[in-house]
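What follows is a short report on a single structure.
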Amino acid sequence: MVSPPPGAAAVAARVGLRVGPAPRPLMGSQGRSGPPGNGGAGEGEGGEARKLQEGRVARGKRRKGKGKGKASAGQGGRGSGAEGKPGPQTAKEAAGPRAEAGARAGPREEAEGGGSVEEGARGIRGDKESAGTGKEAQGKEYGKKEEWRVRARRREGARPGRAQGRGGQAWADIAGTGAAMAAAAGEEEEEEEEEAARESAARPAAGPALWRLPEELLLLICSYLDMRALGRLAQVCRWLRRFTSCDLLWRRIARASLNSGFTRLGTDLMTSVPVKERVKVSQNWRLGRCREGILLKWRCSQMPWMQLEDDSLYISQANFILAYQFRPDGASLNRRPLGVFAGHDEDVCHFVLANSHIISAGGDGKIGIHKIHSTFTVKYSAHEQEVNCVDCKGGIIVSGSRDRTAKVWPLASGRLGQCLHTIQTEDRVWSIAISPLLSSFVTGTACCGHFSPLRIWDLNSGQLMTHLGSDFPPGAGVLDVMYESPFTLLSCGYDTYVRYWDLRTSVRKCVMEWEEPHDSTLYCLQTDGNHLLATGSSYYGVVRLWDRRQRACLHAFPLTSTPLSSPVYCLRLTTKHLYAALSYNLHVLDFQNP
């Protein structure tokens, strides 16, 4: 460092100039102080000052070059030039034109300025240090901002953006451990997915005050809504969609719908299927929307009968009974049968499933008993003529024949073929059914005599208990009869009526009746146990759907054309499908996928 000449202070005192610290240097274009002029008294002092200043500028350049390299090591630092922004200027350019003018200035300007070279250098150093400190603080603040932005982008699952300053250096250090960062990002994504799933299942924190009520109270409020309002409420948000799918809300609606799996007493027959889904399908039954298909075909005309059990279909063809398995859609069958049950010499007229057995009635006057899961088969002579109908409940078999008798048989293996009771009906028996209480059974006859075709008999003694109705015309035979409960039953036949009987009110008159619009004989009927009723007519294979709360027919489905006109001999239905057996084929009506 060069010191001023020893007489400089005295000369300044004589002249009257102020001796003190040098005034604040002028600022350059970049906010840094420019180098003072060489205003010393001698030529050598100005040269030494310039050399000292140039050395400091060189050292500053080296420092800035290192900082620039560090910034460029980050992800696109601002001073790297990668973003098209100017880097740090050189010392001479940063000093500006005022520094050059000061370098050319002479001794007079030094005298006027009143400052020494050392004081000027101190001013330069102080200003440089203050400028460096300001830049360092600015770099730290900017680095913190960029680090916050990088974290925000990582939370959003995006790639990290560019960092600047010391934040860029920090990100360069983090980027060196790419595997650890990827693992951390994967964990964060999994946590976000779990949190989103919990939020979707949890109740919304914000929203109408209705959502914040207890669930019991919400269930009570929603129980007053109809099907359309519940469906629209489920479209509001995920939580309400889950809440409105509760079976408790749809149970009341399902009990009022057609074929939803609920009986008239409220018993749920399809507990494995959500109630909401069953209500959706029930609308297709109500509107008659279905898709027709053919499951099986036969080459010759037959009088088939069928039964359903779980995912299997049992159907009679001539003197055989074949078991088929449904495919998952329920609208098609596996072509290869699971089992074939034989034993009759003539066609099978009727059969039922009970206690893992098939009890069949044949045209040869015999009753056959088959084990479903084995080859065990027993047949014995039961009647003198063809056996038209058979039923089995609680280990008891009842049969009706064309020989005008009805008989009671035990199902026990040691007593097979032993007749318990023989009942003289004085008329051909077309249909028969055992009461759910196992105390009586009903017979439907041809109505050729002067008595009612529907009569109820005591199962233990074989005595007549009562007869139903009193105004049947001659020939109004009952072709199908079924118990719906211990006190209610349905019947249909040649008189083209479906009648509903309630034994608790009157046995002389039916509670309700439905007339076939085309005056066709009704061969069979089937019910869902609640509001739906299906019947099969004798001409053109017409299947009709009835709502028992109305008199008129809901829908009619003709399954055959004029050349192949055939009665519907048997009907079976589930909550999604209806199966109808005709002379030449087996039809299905798919209400799930219309």
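Here's how to read the names in the structure tokens: chain A, B, ... by the order shown, residue numbers from 1 in each chain, ligand numbers from 1 in the order shown.
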Could you name the residues that touch range 346-363 of chain A at 8 Å or less, counting only C-alpha atoms, but leaving out those on the same chain fewer than 6 positions away, as a PDB file with N, CA, C and O atoms, in the first residue's frame?
ATOM      1  N   MET A 303     -92.944 -81.922 -24.380  1.00  0.00           N
ATOM      2  CA  MET A 303     -93.613 -81.179 -23.318  1.00  0.00           C
ATOM      3  C   MET A 303     -92.640 -81.056 -22.138  1.00  0.00           C
ATOM      4  O   MET A 303     -92.730 -81.783 -21.155  1.00  0.00           O
ATOM      5  N   PRO A 304     -91.655 -80.149 -22.236  1.00  0.00           N
ATOM      6  CA  PRO A 304     -90.586 -80.101 -21.232  1.00  0.00           C
ATOM      7  C   PRO A 304     -91.053 -79.459 -19.919  1.00  0.00           C
ATOM      8  O   PRO A 304     -91.999 -78.676 -19.873  1.00  0.00           O
ATOM      9  N   TRP A 305     -90.347 -79.831 -18.860  1.00  0.00           N
ATOM     10  CA  TRP A 305     -90.504 -79.201 -17.545  1.00  0.00           C
ATOM     11  C   TRP A 305     -89.101 -78.888 -17.024  1.00  0.00           C
ATOM     12  O   TRP A 305     -88.141 -79.585 -17.372  1.00  0.00           O
ATOM     13  N   MET A 306     -88.975 -77.858 -16.218  1.00  0.00           N
ATOM     14  CA  MET A 306     -87.633 -77.470 -15.767  1.00  0.00           C
ATOM     15  C   MET A 306     -87.678 -76.948 -14.335  1.00  0.00           C
ATOM     16  O   MET A 306     -88.732 -76.546 -13.818  1.00  0.00           O
ATOM     17  N   GLN A 307     -86.482 -76.947 -13.712  1.00  0.00           N
ATOM     18  CA  GLN A 307     -86.266 -76.417 -12.375  1.00  0.00           C
ATOM     19  C   GLN A 307     -84.896 -75.732 -12.333  1.00  0.00           C
ATOM     20  O   GLN A 307     -83.982 -76.109 -13.077  1.00  0.00           O
ATOM     21  N   SER A 316     -86.328 -81.470 -18.571  1.00  0.00           N
ATOM     22  CA  SER A 316     -86.685 -82.799 -19.064  1.00  0.00           C
ATOM     23  C   SER A 316     -86.808 -82.769 -20.585  1.00  0.00           C
ATOM     24  O   SER A 316     -87.374 -81.839 -21.159  1.00  0.00           O
ATOM     25  N   GLN A 317     -86.273 -83.804 -21.215  1.00  0.00           N
ATOM     26  CA  GLN A 317     -86.370 -83.998 -22.660  1.00  0.00           C
ATOM     27  C   GLN A 317     -86.706 -85.476 -22.894  1.00  0.00           C
ATOM     28  O   GLN A 317     -85.879 -86.354 -22.633  1.00  0.00           O
ATOM     29  N   ALA A 318     -87.950 -85.692 -23.347  1.00  0.00           N
ATOM     30  CA  ALA A 318     -88.436 -87.069 -23.531  1.00  0.00           C
ATOM     31  C   ALA A 318     -88.370 -87.808 -22.202  1.00  0.00           C
ATOM     32  O   ALA A 318     -88.924 -87.328 -21.211  1.00  0.00           O
ATOM     33  N   ASN A 319     -87.697 -88.926 -22.131  1.00  0.00           N
ATOM     34  CA  ASN A 319     -87.646 -89.689 -20.882  1.00  0.00           C
ATOM     35  C   ASN A 319     -86.351 -89.452 -20.094  1.00  0.00           C
ATOM     36  O   ASN A 319     -85.993 -90.240 -19.229  1.00  0.00           O
ATOM     37  N   PHE A 320     -85.650 -88.344 -20.404  1.00  0.00           N
ATOM     38  CA  PHE A 320     -84.421 -88.003 -19.690  1.00  0.00           C
ATOM     39  C   PHE A 320     -84.595 -86.669 -18.956  1.00  0.00           C
ATOM     40  O   PHE A 320     -85.413 -85.820 -19.339  1.00  0.00           O
ATOM     41  N   ILE A 321     -83.772 -86.503 -17.940  1.00  0.00           N
ATOM     42  CA  ILE A 321     -83.639 -85.213 -17.261  1.00  0.00           C
ATOM     43  C   ILE A 321     -82.172 -84.822 -17.351  1.00  0.00           C
ATOM     44  O   ILE A 321     -81.294 -85.577 -16.904  1.00  0.00           O
ATOM     45  N   ILE A 369     -86.739 -91.649  -8.361  1.00  0.00           N
ATOM     46  CA  ILE A 369     -85.972 -90.872  -7.371  1.00  0.00           C
ATOM     47  C   ILE A 369     -84.501 -90.995  -7.749  1.00  0.00           C
ATOM     48  O   ILE A 369     -83.959 -92.112  -7.810  1.00  0.00           O
ATOM     49  N   HIS A 370     -83.860 -89.848  -8.002  1.00  0.00           N
ATOM     50  CA  HIS A 370     -82.475 -89.820  -8.459  1.00  0.00           C
ATOM     51  C   HIS A 370     -81.640 -88.986  -7.482  1.00  0.00           C
ATOM     52  O   HIS A 370     -82.064 -87.901  -7.060  1.00  0.00           O
ATOM     53  N   LYS A 371     -80.472 -89.469  -7.153  1.00  0.00           N
ATOM     54  CA  LYS A 371     -79.507 -88.692  -6.390  1.00  0.00           C
ATOM     55  C   LYS A 371     -78.802 -87.733  -7.342  1.00  0.00           C
ATOM     56  O   LYS A 371     -78.291 -88.164  -8.388  1.00  0.00           O
ATOM     57  N   ILE A 372     -78.740 -86.439  -6.984  1.00  0.00           N
ATOM     58  CA  ILE A 372     -78.194 -85.460  -7.922  1.00  0.00           C
ATOM     59  C   ILE A 372     -76.705 -85.682  -8.153  1.00  0.00           C
ATOM     60  O   ILE A 372     -76.224 -85.632  -9.281  1.00  0.00           O
ATOM     61  N   HIS A 373     -75.954 -85.962  -7.089  1.00  0.00           N
ATOM     62  CA  HIS A 373     -74.499 -86.056  -7.202  1.00  0.00           C
ATOM     63  C   HIS A 373     -73.996 -87.508  -7.248  1.00  0.00           C
ATOM     64  O   HIS A 373     -72.847 -87.776  -6.892  1.00  0.00           O
ATOM     65  N   GLN A 385    -102.159 -95.165 -14.428  1.00  0.00           N
ATOM     66  CA  GLN A 385    -101.987 -94.378 -15.655  1.00  0.00           C
ATOM     67  C   GLN A 385    -100.861 -93.347 -15.414  1.00  0.00           C
ATOM     68  O   GLN A 385    -100.192 -93.361 -14.382  1.00  0.00           O
ATOM     69  N   GLU A 386    -100.696 -92.487 -16.396  1.00  0.00           N
ATOM     70  CA  GLU A 386     -99.587 -91.528 -16.318  1.00  0.00           C
ATOM     71  C   GLU A 386     -99.699 -90.636 -15.077  1.00  0.00           C
ATOM     72  O   GLU A 386    -100.804 -90.239 -14.679  1.00  0.00           O
ATOM     73  N   VAL A 387     -98.547 -90.321 -14.515  1.00  0.00           N
ATOM     74  CA  VAL A 387     -98.474 -89.423 -13.354  1.00  0.00           C
ATOM     75  C   VAL A 387     -98.265 -88.007 -13.890  1.00  0.00           C
ATOM     76  O   VAL A 387     -97.214 -87.699 -14.465  1.00  0.00           O
ATOM     77  N   ASN A 388     -99.262 -87.172 -13.722  1.00  0.00           N
ATOM     78  CA  ASN A 388     -99.208 -85.827 -14.298  1.00  0.00           C
ATOM     79  C   ASN A 388     -98.422 -84.830 -13.444  1.00  0.00           C
ATOM     80  O   ASN A 388     -97.874 -83.865 -13.986  1.00  0.00           O
ATOM     81  N   CYS A 389     -98.381 -85.029 -12.124  1.00  0.00           N
ATOM     82  CA  CYS A 389     -97.791 -84.022 -11.248  1.00  0.00           C
ATOM     83  C   CYS A 389     -97.226 -84.694 -10.009  1.00  0.00           C
ATOM     84  O   CYS A 389     -97.655 -85.791  -9.617  1.00  0.00           O
ATOM     85  N   VAL A 390     -96.261 -84.055  -9.379  1.00  0.00           N
ATOM     86  CA  VAL A 390     -95.618 -84.569  -8.178  1.00  0.00           C
ATOM     87  C   VAL A 390     -95.051 -83.386  -7.393  1.00  0.00           C
ATOM     88  O   VAL A 390     -94.698 -82.341  -7.972  1.00  0.00           O
ATOM     89  N   ASP A 391     -94.962 -83.520  -6.075  1.00  0.00           N
ATOM     90  CA  ASP A 391     -94.367 -82.504  -5.214  1.00  0.00           C
ATOM     91  C   ASP A 391     -93.739 -83.208  -4.015  1.00  0.00           C
ATOM     92  O   ASP A 391     -94.161 -84.323  -3.634  1.00  0.00           O
ATOM     93  N   CYS A 392     -92.741 -82.573  -3.425  1.00  0.00           N
ATOM     94  CA  CYS A 392     -92.027 -83.172  -2.302  1.00  0.00           C
ATOM     95  C   CYS A 392     -91.557 -82.080  -1.350  1.00  0.00           C
ATOM     96  O   CYS A 392     -90.910 -81.102  -1.782  1.00  0.00           O
ATOM     97  N   LYS A 393     -91.896 -82.225  -0.080  1.00  0.00           N
ATOM     98  CA  LYS A 393     -91.443 -81.327   0.987  1.00  0.00           C
ATOM     99  C   LYS A 393     -91.376 -82.118   2.286  1.00  0.00           C
ATOM    100  O   LYS A 393     -92.235 -82.956   2.564  1.00  0.00           O
ATOM    101  N   SER A 399     -98.377 -87.292  -5.178  1.00  0.00           N
ATOM    102  CA  SER A 399     -98.460 -87.431  -6.629  1.00  0.00           C
ATOM    103  C   SER A 399     -99.920 -87.444  -7.066  1.00  0.00           C
ATOM    104  O   SER A 399    -100.808 -87.887  -6.330  1.00  0.00           O
TER     105      SER A 399
END
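For range 315-356 of chain A, a DSSP pass over the backbone yields strand (DSSP E or B) at Ile315, Ser316, Gln317, Phe320, Ile321, Leu322, Ala323, Tyr324, Gln325, Phe326, Leu333, Gly339, Val340, Phe341, Val348, Cys349, His350, Phe351, Val352, Leu353 and Ala354 of chain A.
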Close residues, range 500-512 of chain A itself excluded, 8 Å, only C-alpha atoms, min 4 positions apart in chain, as an NGL selection string: :A and (466-470 or 487-491)
The selected residues should be written to file as a CSV table (one decimal), in the first residue's frame (atoms: N, CA and C atoms).
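To be explicit, this is the file written out as again_11.csv:
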chain,number,residue,atom,x,y,z
A,466,THR,N,-111.3,-78.8,2.8
A,466,THR,CA,-112.2,-77.7,2.2
A,466,THR,C,-111.9,-77.7,0.7
A,467,HIS,N,-112.8,-77.0,0.0
A,467,HIS,CA,-112.6,-76.7,-1.4
A,467,HIS,C,-112.7,-75.2,-1.7
A,468,LEU,N,-112.0,-74.7,-2.7
A,468,LEU,CA,-111.9,-73.3,-3.0
A,468,LEU,C,-112.8,-73.0,-4.2
A,469,GLY,N,-113.6,-71.9,-4.0
A,469,GLY,CA,-114.5,-71.4,-5.0
A,469,GLY,C,-115.8,-72.2,-5.2
A,470,SER,N,-116.7,-71.5,-5.9
A,470,SER,CA,-118.0,-72.2,-6.1
A,470,SER,C,-118.6,-71.9,-7.4
A,487,PHE,N,-100.9,-69.5,3.8
A,487,PHE,CA,-102.3,-69.1,3.8
A,487,PHE,C,-102.7,-68.6,2.4
A,488,THR,N,-101.8,-68.4,1.5
A,488,THR,CA,-102.1,-67.8,0.2
A,488,THR,C,-101.6,-68.8,-0.9
A,489,LEU,N,-102.3,-68.9,-2.0
A,489,LEU,CA,-101.9,-69.7,-3.1
A,489,LEU,C,-102.4,-69.1,-4.4
A,490,LEU,N,-101.8,-69.5,-5.6
A,490,LEU,CA,-102.2,-69.0,-6.9
A,490,LEU,C,-102.5,-70.2,-7.8
A,491,SER,N,-103.5,-70.0,-8.7
A,491,SER,CA,-103.9,-71.0,-9.6
A,491,SER,C,-104.2,-70.5,-11.0
Exercise: Asn259 in chain A partners within 6 Å, only C-alpha atoms, chain neighbours under 4 positions left out, as a count of residues only: 3
Range 294-296 of chain A surroundings by only C-alpha atoms, 9 Å radius, close-in-sequence under 2 positions cut, as a VMD selection string: chain A and resid 292 298 331 to 333 335 584 to 589
Keeping all heavy atoms for every residue in the selection just given, could you write it to a file as a compact mmCIF listing (two decimals), in the first residue's frame?
# COMPACT_ATOMS: atom_id res chain seq x y z
N GLU A 292 -83.95 -61.12 -26.03
CA GLU A 292 -84.41 -62.50 -26.17
C GLU A 292 -83.32 -63.38 -26.77
O GLU A 292 -82.56 -62.94 -27.64
CB GLU A 292 -85.65 -62.55 -27.05
CG GLU A 292 -86.24 -63.93 -27.22
CD GLU A 292 -87.42 -63.95 -28.17
OE1 GLU A 292 -87.95 -62.87 -28.47
OE2 GLU A 292 -87.79 -65.05 -28.63
N TRP A 298 -84.72 -78.57 -29.81
CA TRP A 298 -84.99 -79.99 -29.97
C TRP A 298 -85.51 -80.23 -31.37
O TRP A 298 -86.12 -79.35 -31.98
CB TRP A 298 -86.03 -80.46 -28.95
CG TRP A 298 -85.62 -80.16 -27.54
CD1 TRP A 298 -84.69 -80.81 -26.81
CD2 TRP A 298 -86.14 -79.13 -26.71
NE1 TRP A 298 -84.58 -80.24 -25.57
CE2 TRP A 298 -85.47 -79.19 -25.48
CE3 TRP A 298 -87.10 -78.12 -26.87
CZ2 TRP A 298 -85.71 -78.33 -24.43
CZ3 TRP A 298 -87.35 -77.25 -25.84
CH2 TRP A 298 -86.66 -77.36 -24.62
N ALA A 331 -77.20 -65.85 -19.13
CA ALA A 331 -78.03 -65.86 -20.34
C ALA A 331 -77.59 -66.92 -21.34
O ALA A 331 -78.08 -66.93 -22.47
CB ALA A 331 -77.98 -64.48 -21.01
N SER A 332 -76.67 -67.79 -20.94
CA SER A 332 -76.22 -68.86 -21.82
C SER A 332 -75.83 -70.06 -20.97
O SER A 332 -75.58 -69.95 -19.77
CB SER A 332 -75.03 -68.39 -22.68
OG SER A 332 -73.97 -67.96 -21.85
N LEU A 333 -75.76 -71.22 -21.63
CA LEU A 333 -75.46 -72.48 -20.96
C LEU A 333 -74.20 -73.11 -21.55
O LEU A 333 -73.87 -72.89 -22.73
CB LEU A 333 -76.62 -73.47 -21.13
CG LEU A 333 -77.96 -73.16 -20.48
CD1 LEU A 333 -79.00 -74.17 -20.93
CD2 LEU A 333 -77.83 -73.17 -18.96
N ARG A 335 -72.73 -76.11 -23.24
CA ARG A 335 -73.43 -77.05 -24.12
C ARG A 335 -73.37 -78.49 -23.61
O ARG A 335 -74.29 -79.27 -23.83
CB ARG A 335 -72.83 -76.97 -25.53
CG ARG A 335 -73.12 -75.66 -26.23
CD ARG A 335 -74.61 -75.46 -26.41
NE ARG A 335 -74.93 -74.20 -27.05
CZ ARG A 335 -76.16 -73.76 -27.26
NH1 ARG A 335 -77.20 -74.49 -26.86
NH2 ARG A 335 -76.37 -72.61 -27.86
N TYR A 584 -90.28 -76.75 -28.89
CA TYR A 584 -89.10 -76.99 -29.69
C TYR A 584 -87.83 -76.37 -29.14
O TYR A 584 -86.73 -76.69 -29.61
CB TYR A 584 -89.31 -76.47 -31.13
CG TYR A 584 -90.37 -77.23 -31.88
CD1 TYR A 584 -91.68 -76.77 -31.92
CD2 TYR A 584 -90.07 -78.41 -32.56
CE1 TYR A 584 -92.66 -77.47 -32.61
CE2 TYR A 584 -91.03 -79.12 -33.25
CZ TYR A 584 -92.33 -78.64 -33.27
OH TYR A 584 -93.30 -79.34 -33.96
N ASN A 585 -87.93 -75.47 -28.18
CA ASN A 585 -86.73 -74.80 -27.70
C ASN A 585 -86.95 -74.20 -26.31
O ASN A 585 -88.09 -74.15 -25.80
CB ASN A 585 -86.28 -73.70 -28.69
CG ASN A 585 -87.44 -72.90 -29.22
OD1 ASN A 585 -88.37 -72.59 -28.48
ND2 ASN A 585 -87.41 -72.58 -30.50
N LEU A 586 -85.85 -73.80 -25.74
CA LEU A 586 -85.84 -73.14 -24.44
C LEU A 586 -85.40 -71.70 -24.64
O LEU A 586 -84.28 -71.44 -25.12
CB LEU A 586 -84.90 -73.86 -23.48
CG LEU A 586 -84.69 -73.22 -22.11
CD1 LEU A 586 -85.98 -73.21 -21.29
CD2 LEU A 586 -83.59 -73.94 -21.33
N HIS A 587 -86.26 -70.74 -24.27
CA HIS A 587 -85.99 -69.32 -24.47
C HIS A 587 -85.54 -68.67 -23.16
O HIS A 587 -85.86 -69.14 -22.06
CB HIS A 587 -87.25 -68.61 -24.97
CG HIS A 587 -87.62 -68.94 -26.38
ND1 HIS A 587 -87.37 -68.11 -27.45
CD2 HIS A 587 -88.23 -70.03 -26.91
CE1 HIS A 587 -87.80 -68.65 -28.56
NE2 HIS A 587 -88.33 -69.83 -28.26
N VAL A 588 -84.81 -67.57 -23.31
CA VAL A 588 -84.39 -66.76 -22.17
C VAL A 588 -84.66 -65.30 -22.50
O VAL A 588 -84.43 -64.84 -23.63
CB VAL A 588 -82.89 -66.98 -21.83
CG1 VAL A 588 -81.99 -66.63 -23.01
CG2 VAL A 588 -82.50 -66.15 -20.60
N LEU A 589 -85.17 -64.58 -21.52
CA LEU A 589 -85.36 -63.13 -21.61
C LEU A 589 -84.39 -62.50 -20.61
O LEU A 589 -84.55 -62.67 -19.40
CB LEU A 589 -86.80 -62.73 -21.32
CG LEU A 589 -87.87 -63.30 -22.25
CD1 LEU A 589 -89.26 -62.83 -21.82
CD2 LEU A 589 -87.61 -62.91 -23.70
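Nearest to Ser435 in chain A of all the residues A:Gln526, A:Asn284, A:Ser485, A:Gln325 is A:Ser485, counting only C-alpha atoms.
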For Leu545 in chain A, the nearest of the candidates A:Met465, A:Val568, A:Leu578, A:Ile434, counting only C-alpha atoms: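 Answer, going by the shortest atom-to-atom distance: A:Leu578.
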Contacts of Leu248 in chain A within 10 Å, only C-alpha atoms, excl. fewer than 5 positions in-chain, as number ranges by chain: A: 219, 223, 253, 275-276
Can I get the selected residues back with C-alpha atoms, as an mmCIF file, in the first residue's frame?
data_model
loop_
_atom_site.group_PDB
_atom_site.id
_atom_site.type_symbol
_atom_site.label_atom_id
_atom_site.label_comp_id
_atom_site.auth_asym_id
_atom_site.auth_seq_id
_atom_site.Cartn_x
_atom_site.Cartn_y
_atom_site.Cartn_z
ATOM 1 C CA LEU A 219 -80.319 -42.150 6.794
ATOM 2 C CA SER A 223 -85.341 -42.622 3.576
ATOM 3 C CA ILE A 253 -87.790 -48.943 -2.712
ATOM 4 C CA VAL A 275 -80.047 -53.877 -3.331
ATOM 5 C CA LYS A 276 -79.301 -50.815 -5.462
#
Contacts of Ser381 in chain A at 8 Å or less, counting only C-alpha atoms, minus same-chain residues fewer than 6 places along, as an mmCIF file with N, CA and C atoms, in the first residue's frame?
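Contents of out31.cif, as written:
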data_model
loop_
_atom_site.group_PDB
_atom_site.id
_atom_site.type_symbol
_atom_site.label_atom_id
_atom_site.label_comp_id
_atom_site.auth_asym_id
_atom_site.auth_seq_id
_atom_site.Cartn_x
_atom_site.Cartn_y
_atom_site.Cartn_z
ATOM 1 N N GLY A 365 -96.541 -94.189 -15.500
ATOM 2 C CA GLY A 365 -97.198 -94.417 -14.223
ATOM 3 C C GLY A 365 -96.227 -94.671 -13.088
ATOM 4 N N LYS A 366 -94.942 -94.368 -13.265
ATOM 5 C CA LYS A 366 -93.940 -94.618 -12.243
ATOM 6 C C LYS A 366 -93.396 -93.311 -11.667
ATOM 7 N N ILE A 367 -92.844 -93.407 -10.468
ATOM 8 C CA ILE A 367 -92.154 -92.298 -9.807
ATOM 9 C C ILE A 367 -90.685 -92.680 -9.694
ATOM 10 N N GLY A 417 -91.551 -96.506 -1.989
ATOM 11 C CA GLY A 417 -92.570 -97.317 -2.661
ATOM 12 C C GLY A 417 -93.716 -97.731 -1.769
#
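With distances restricted to only C-alpha atoms, A:Leu308 is the closest residue to Arg572 in chain A from A:Leu308, A:Ile432, A:Val340, A:Leu559.
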CA of Leu582 in chain A to CA of Cys492 in chain A, distance in Å rounded to a single decimal: 17.8 Å
Distance of CA of His531 in chain A from CA of Phe557 in chain A, expressed in Å to one decimal place: 18.7 Å
